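Report on the following structure.
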Amino acid sequence: MRFYFLTLLCSTFLLFSCQDEKDEPIFEESEIYAGGNATTFDQSVNAFGHAANGLTAEENGQFVTGNSFFKANWVMAPSSTVGLDGLGAFFSARSCSGCHAFDGRGNLPQNTGDDIVALVIKLSVRNGIKYENEPTYGSQLSSQAIFGIEPEGNISISHQTITGNFTDGTTYTLQKPIYNFDKMNYGNVHPNTVVSPRLAPHIAGLGLLEAVSEQTILSFADENDMNNDGISGKPNYVLEAETGQVKLGRFGLKANQATIREQVAGAFNGDMGITSSIHPIENCTDIQQNCKDAISGSTEEEMEISESKLAKVVLYCQTLAVPARRDAENTQVLRGKELFSNLNCNKCHIPKMKTDFHEIKALSNQTIYPYTDLLLHDMGDELADNRPDFGATGNEWRTPPLWGLGMIQRVNPLATFMHDGRAKTIEEAILWHGGEAENSKEKYIKLSKDSRTDLLTFLNSL
């Protein structure tokens, strides 16, 4: 009789959200659709490359064109390839997809001496209480250059081995990266230079995150930890380059960009040396006269990427669909989901929210499961880059969305995890957590091997 009553209760009132008498974990049918209507069920290498459902015919056309520009290789000016010339003078990649392989996550250099294509190396020097661009190499190091110009230089990566033990006696090994400047062609780097390496993330679902209201994001904030849970997410407010206005940051590894448009234009400029209406000047320092003298590309608007092309690439990035959850009803996955909550991982990686209005109607009013709060959190000294970014301190990073996590190495088998790619596996990424996430990491270390497997199985289902 008791079983019948509980079954009736679940089926009648709390379908997919009621725990039975065995206290089994909760399954929500809607969470399969991680991006709401902007969800794709492709599980191949192209899983990150699909357009959201519900786009208009015009938007679909812009998506296709934006995709072609995203993948196109830019060339040195002058060139007969009018509209795609103007690469450099210094650059890291020739195309957007050169960093975001198949719209996914980039990978670290595989061999000694390889160019740092998908690994952005931000440079800065402290001047009093401010941080300024490194005087010789500017804000970002470029390992490639156009014909006739020496590249700025490169970074070599060595590692310090860190070992530890789970409570059950199983050992683990982490590799802490150490960055060294290599073959610097324009003189020595300032001795007090702060290096911030940032690996290109996958870009599915960006438009949905743009459509989350500011009110929703701020509702997750607890900067002064008023609830005493040890977690104190805070918003980053940034100066928008195009308008000069201060806005809530939500994109970039330190939430240092307010919109996808600013993020895309910044990547064109910093990673490829392509000027736009937002960033009309290349990253050339005073001593890099050869960079300043390089011939600009030819467009009708005097910028190397026209407003029309930029808008199409932005729309492409906005409307990439999110991979659906896999095996979400699996018992092991559900146990892992429950552990994710018990370890308080969901305090920063907030599973569920709803989008508000977006100019692209298909992105509006969608229930989504991004597993982020888009806020800054102190992640501890081991992950610190010691480089402030607007309101973000050197220890703070934006909570990365976890949707698509289990597809990352299927799309790019060479991809690694964390902001700088130091973690080869999802488990290593967990073990690097510190600061506000220290307690959650320590709880993970105390789990049994079976429970750790359950949690990782859940994370791989995202």
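The chains in the structure tokens are called A, B, ... from first to last as shown; in each chain the residues are counted from 1, and the ligands are counted from 1 in the order shown.
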Trp432 of chain A environment, 12 Å, only C-alpha atoms, sequence neighbours closer than 2 positions dropped, as an NGL selection string: :A and (162-164 or 172-176 or 379-384 or 417-430 or 434-438 or 440-442 or 444-445)
Selection export as a short mmCIF file (atom, residue, chain, number, x, y, z; two decimals), in the first residue's frame, atoms kept: N, CA, C and O atoms:
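New file again13.cif:
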```
data_model
loop_
_atom_site.label_atom_id
_atom_site.label_comp_id
_atom_site.auth_asym_id
_atom_site.auth_seq_id
_atom_site.Cartn_x
_atom_site.Cartn_y
_atom_site.Cartn_z
N ILE A 162 53.06 17.54 -8.87
CA ILE A 162 52.46 17.59 -7.54
C ILE A 162 51.70 16.28 -7.34
O ILE A 162 50.89 15.88 -8.18
N THR A 163 51.98 15.59 -6.25
CA THR A 163 51.31 14.32 -5.98
C THR A 163 50.44 14.44 -4.74
O THR A 163 50.67 15.28 -3.86
N GLY A 164 49.44 13.59 -4.66
CA GLY A 164 48.56 13.58 -3.51
C GLY A 164 47.85 12.25 -3.41
O GLY A 164 48.02 11.36 -4.24
N TYR A 172 47.17 10.41 -6.78
CA TYR A 172 46.95 11.20 -7.99
C TYR A 172 48.15 12.09 -8.24
O TYR A 172 48.94 12.38 -7.33
N THR A 173 48.30 12.54 -9.49
CA THR A 173 49.41 13.40 -9.89
C THR A 173 48.88 14.57 -10.69
O THR A 173 48.05 14.40 -11.59
N LEU A 174 49.33 15.76 -10.37
CA LEU A 174 48.99 16.98 -11.10
C LEU A 174 50.27 17.59 -11.68
O LEU A 174 51.36 17.40 -11.13
N GLN A 175 50.13 18.31 -12.76
CA GLN A 175 51.26 18.98 -13.39
C GLN A 175 51.03 20.50 -13.38
O GLN A 175 50.14 21.00 -14.07
N LYS A 176 51.80 21.20 -12.56
CA LYS A 176 51.70 22.65 -12.47
C LYS A 176 52.55 23.28 -13.57
O LYS A 176 53.77 23.04 -13.63
N MET A 379 39.67 31.46 -6.52
CA MET A 379 39.97 30.04 -6.74
C MET A 379 41.29 29.62 -6.10
O MET A 379 41.78 28.52 -6.37
N GLY A 380 41.86 30.48 -5.27
CA GLY A 380 43.05 30.11 -4.53
C GLY A 380 44.34 30.50 -5.21
O GLY A 380 44.37 30.84 -6.39
N ASP A 381 45.42 30.43 -4.47
CA ASP A 381 46.73 30.90 -4.96
C ASP A 381 47.28 30.03 -6.09
O ASP A 381 47.99 30.53 -6.96
N GLU A 382 47.00 28.73 -6.08
CA GLU A 382 47.57 27.84 -7.09
C GLU A 382 47.08 28.18 -8.49
O GLU A 382 47.78 27.96 -9.48
N LEU A 383 45.87 28.71 -8.59
CA LEU A 383 45.30 29.06 -9.90
C LEU A 383 45.42 30.55 -10.21
O LEU A 383 45.02 30.99 -11.30
N ALA A 384 45.98 31.31 -9.30
CA ALA A 384 46.05 32.75 -9.49
C ALA A 384 46.99 33.13 -10.63
O ALA A 384 48.05 32.53 -10.81
N PHE A 417 41.69 21.02 -19.69
CA PHE A 417 40.72 21.77 -18.90
C PHE A 417 41.39 22.81 -18.00
O PHE A 417 42.59 22.84 -17.85
N MET A 418 40.58 23.63 -17.39
CA MET A 418 40.94 24.79 -16.59
C MET A 418 41.30 25.98 -17.49
O MET A 418 41.45 25.83 -18.71
N HIS A 419 41.46 27.14 -16.88
CA HIS A 419 41.64 28.36 -17.67
C HIS A 419 42.90 28.32 -18.53
O HIS A 419 42.96 28.95 -19.58
N ASP A 420 43.92 27.59 -18.08
CA ASP A 420 45.17 27.53 -18.82
C ASP A 420 45.46 26.14 -19.38
O ASP A 420 46.55 25.87 -19.86
N GLY A 421 44.47 25.25 -19.30
CA GLY A 421 44.63 23.92 -19.88
C GLY A 421 45.53 22.98 -19.08
O GLY A 421 45.95 21.95 -19.60
N ARG A 422 45.78 23.29 -17.82
CA ARG A 422 46.72 22.48 -17.03
C ARG A 422 46.18 21.10 -16.67
O ARG A 422 46.96 20.21 -16.33
N ALA A 423 44.87 20.91 -16.71
CA ALA A 423 44.26 19.65 -16.30
C ALA A 423 43.97 18.79 -17.52
O ALA A 423 43.23 19.19 -18.41
N LYS A 424 44.54 17.59 -17.55
CA LYS A 424 44.32 16.69 -18.68
C LYS A 424 42.97 16.00 -18.61
O LYS A 424 42.46 15.52 -19.62
N THR A 425 42.40 15.92 -17.42
CA THR A 425 41.12 15.25 -17.22
C THR A 425 40.21 16.12 -16.36
O THR A 425 40.65 17.06 -15.69
N ILE A 426 38.93 15.76 -16.35
CA ILE A 426 37.98 16.47 -15.50
C ILE A 426 38.33 16.28 -14.04
O ILE A 426 38.21 17.20 -13.23
N GLU A 427 38.79 15.09 -13.67
CA GLU A 427 39.18 14.87 -12.27
C GLU A 427 40.34 15.76 -11.87
O GLU A 427 40.34 16.33 -10.78
N GLU A 428 41.33 15.91 -12.74
CA GLU A 428 42.43 16.82 -12.43
C GLU A 428 41.92 18.24 -12.23
O GLU A 428 42.40 18.97 -11.36
N ALA A 429 40.94 18.64 -13.04
CA ALA A 429 40.37 19.99 -12.89
C ALA A 429 39.75 20.16 -11.51
O ALA A 429 39.91 21.21 -10.86
N ILE A 430 39.04 19.15 -11.03
CA ILE A 430 38.45 19.21 -9.68
C ILE A 430 39.55 19.38 -8.64
O ILE A 430 39.44 20.19 -7.72
N GLY A 434 40.64 25.49 -5.55
CA GLY A 434 41.05 25.98 -4.24
C GLY A 434 40.21 27.17 -3.85
O GLY A 434 39.14 27.41 -4.42
N GLY A 435 40.67 27.95 -2.89
CA GLY A 435 39.94 29.14 -2.49
C GLY A 435 38.55 28.80 -2.01
O GLY A 435 38.36 27.97 -1.11
N GLU A 436 37.56 29.42 -2.61
CA GLU A 436 36.17 29.18 -2.22
C GLU A 436 35.73 27.75 -2.49
O GLU A 436 34.76 27.27 -1.90
N ALA A 437 36.42 27.06 -3.39
CA ALA A 437 36.07 25.68 -3.74
C ALA A 437 36.92 24.65 -2.97
O ALA A 437 36.81 23.45 -3.23
N GLU A 438 37.75 25.10 -2.05
CA GLU A 438 38.64 24.20 -1.32
C GLU A 438 37.85 23.13 -0.55
O GLU A 438 38.21 21.94 -0.58
N SER A 440 34.89 21.93 -1.16
CA SER A 440 34.28 20.98 -2.09
C SER A 440 35.32 19.99 -2.60
O SER A 440 35.06 18.78 -2.71
N LYS A 441 36.52 20.50 -2.89
CA LYS A 441 37.59 19.61 -3.34
C LYS A 441 37.95 18.60 -2.25
O LYS A 441 38.14 17.40 -2.54
N GLU A 442 38.06 19.06 -1.01
CA GLU A 442 38.42 18.16 0.08
C GLU A 442 37.35 17.09 0.29
O GLU A 442 37.66 15.94 0.60
N TYR A 444 35.54 15.89 -2.10
CA TYR A 444 35.73 14.97 -3.22
C TYR A 444 36.86 13.98 -2.91
O TYR A 444 36.74 12.78 -3.18
N ILE A 445 37.94 14.49 -2.34
CA ILE A 445 39.08 13.63 -2.01
C ILE A 445 38.68 12.54 -1.01
O ILE A 445 39.23 11.43 -1.03
#
```
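Interatomic distance, atom CA of Glu240 of chain A against atom CA of Glu262 of chain A: 7.5 Å.
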Pull the closest atom pair for each residue of segment 265-371 of chain A that gets at most 12 Å from segment 68-84 of chain A, along with the distance in Å to one decimal, counting only C-alpha atoms, ordering rows by chain and then ascending residue number, as JSON lines.
```
{"residue": "A:Ala267", "atom": "CA", "partner": "A:Phe70", "partner_atom": "CA", "distance": 11.4}
{"residue": "A:Phe268", "atom": "CA", "partner": "A:Phe70", "partner_atom": "CA", "distance": 10.2}
{"residue": "A:Asp271", "atom": "CA", "partner": "A:Trp74", "partner_atom": "CA", "distance": 11.6}
{"residue": "A:Met272", "atom": "CA", "partner": "A:Trp74", "partner_atom": "CA", "distance": 8.2}
{"residue": "A:Gly273", "atom": "CA", "partner": "A:Trp74", "partner_atom": "CA", "distance": 10.0}
{"residue": "A:Ile274", "atom": "CA", "partner": "A:Trp74", "partner_atom": "CA", "distance": 8.9}
{"residue": "A:Thr275", "atom": "CA", "partner": "A:Leu84", "partner_atom": "CA", "distance": 11.6}
{"residue": "A:Asp293", "atom": "CA", "partner": "A:Ala77", "partner_atom": "CA", "distance": 11.8}
{"residue": "A:Ala294", "atom": "CA", "partner": "A:Ala77", "partner_atom": "CA", "distance": 8.3}
{"residue": "A:Ile295", "atom": "CA", "partner": "A:Ala77", "partner_atom": "CA", "distance": 5.9}
{"residue": "A:Ser296", "atom": "CA", "partner": "A:Ala77", "partner_atom": "CA", "distance": 6.1}
{"residue": "A:Gly297", "atom": "CA", "partner": "A:Ala77", "partner_atom": "CA", "distance": 5.2}
{"residue": "A:Ser298", "atom": "CA", "partner": "A:Gly83", "partner_atom": "CA", "distance": 5.9}
{"residue": "A:Thr299", "atom": "CA", "partner": "A:Gly83", "partner_atom": "CA", "distance": 5.3}
{"residue": "A:Glu300", "atom": "CA", "partner": "A:Gly83", "partner_atom": "CA", "distance": 8.4}
{"residue": "A:Glu301", "atom": "CA", "partner": "A:Gly83", "partner_atom": "CA", "distance": 10.1}
{"residue": "A:Glu302", "atom": "CA", "partner": "A:Gly83", "partner_atom": "CA", "distance": 10.3}
{"residue": "A:Met303", "atom": "CA", "partner": "A:Gly83", "partner_atom": "CA", "distance": 9.6}
{"residue": "A:Glu304", "atom": "CA", "partner": "A:Gly83", "partner_atom": "CA", "distance": 7.1}
{"residue": "A:Ile305", "atom": "CA", "partner": "A:Gly83", "partner_atom": "CA", "distance": 6.9}
{"residue": "A:Ser306", "atom": "CA", "partner": "A:Gly83", "partner_atom": "CA", "distance": 7.7}
{"residue": "A:Glu307", "atom": "CA", "partner": "A:Gly83", "partner_atom": "CA", "distance": 11.3}
{"residue": "A:Ser308", "atom": "CA", "partner": "A:Gly83", "partner_atom": "CA", "distance": 10.9}
{"residue": "A:Lys309", "atom": "CA", "partner": "A:Phe69", "partner_atom": "CA", "distance": 7.4}
{"residue": "A:Leu310", "atom": "CA", "partner": "A:Phe69", "partner_atom": "CA", "distance": 8.8}
{"residue": "A:Ala311", "atom": "CA", "partner": "A:Phe69", "partner_atom": "CA", "distance": 10.7}
{"residue": "A:Lys312", "atom": "CA", "partner": "A:Phe69", "partner_atom": "CA", "distance": 8.1}
{"residue": "A:Val313", "atom": "CA", "partner": "A:Phe70", "partner_atom": "CA", "distance": 6.2}
{"residue": "A:Val314", "atom": "CA", "partner": "A:Phe70", "partner_atom": "CA", "distance": 9.4}
{"residue": "A:Leu315", "atom": "CA", "partner": "A:Phe70", "partner_atom": "CA", "distance": 10.8}
{"residue": "A:Tyr316", "atom": "CA", "partner": "A:Phe70", "partner_atom": "CA", "distance": 8.2}
{"residue": "A:Cys317", "atom": "CA", "partner": "A:Phe70", "partner_atom": "CA", "distance": 8.9}
```
Interface rows for segment 395-435 of chain A against segment 39-50 of chain A: nearest pair, Å to one decimal, 10 Å, only C-alpha atoms, as a Markdown table:
```
| residue | atom | partner | partner_atom | distance |
| --- | --- | --- | --- | --- |
| A:Gly404 | CA | A:Phe48 | CA | 8.1 |
| A:Met407 | CA | A:Gln43 | CA | 7.4 |
| A:Ile408 | CA | A:Phe48 | CA | 8.9 |
| A:Gln409 | CA | A:Val45 | CA | 9.1 |
| A:Arg410 | CA | A:Val45 | CA | 6.1 |
| A:Val411 | CA | A:Val45 | CA | 4.3 |
| A:Asn412 | CA | A:Val45 | CA | 7.5 |
| A:Pro413 | CA | A:Val45 | CA | 9.6 |
```
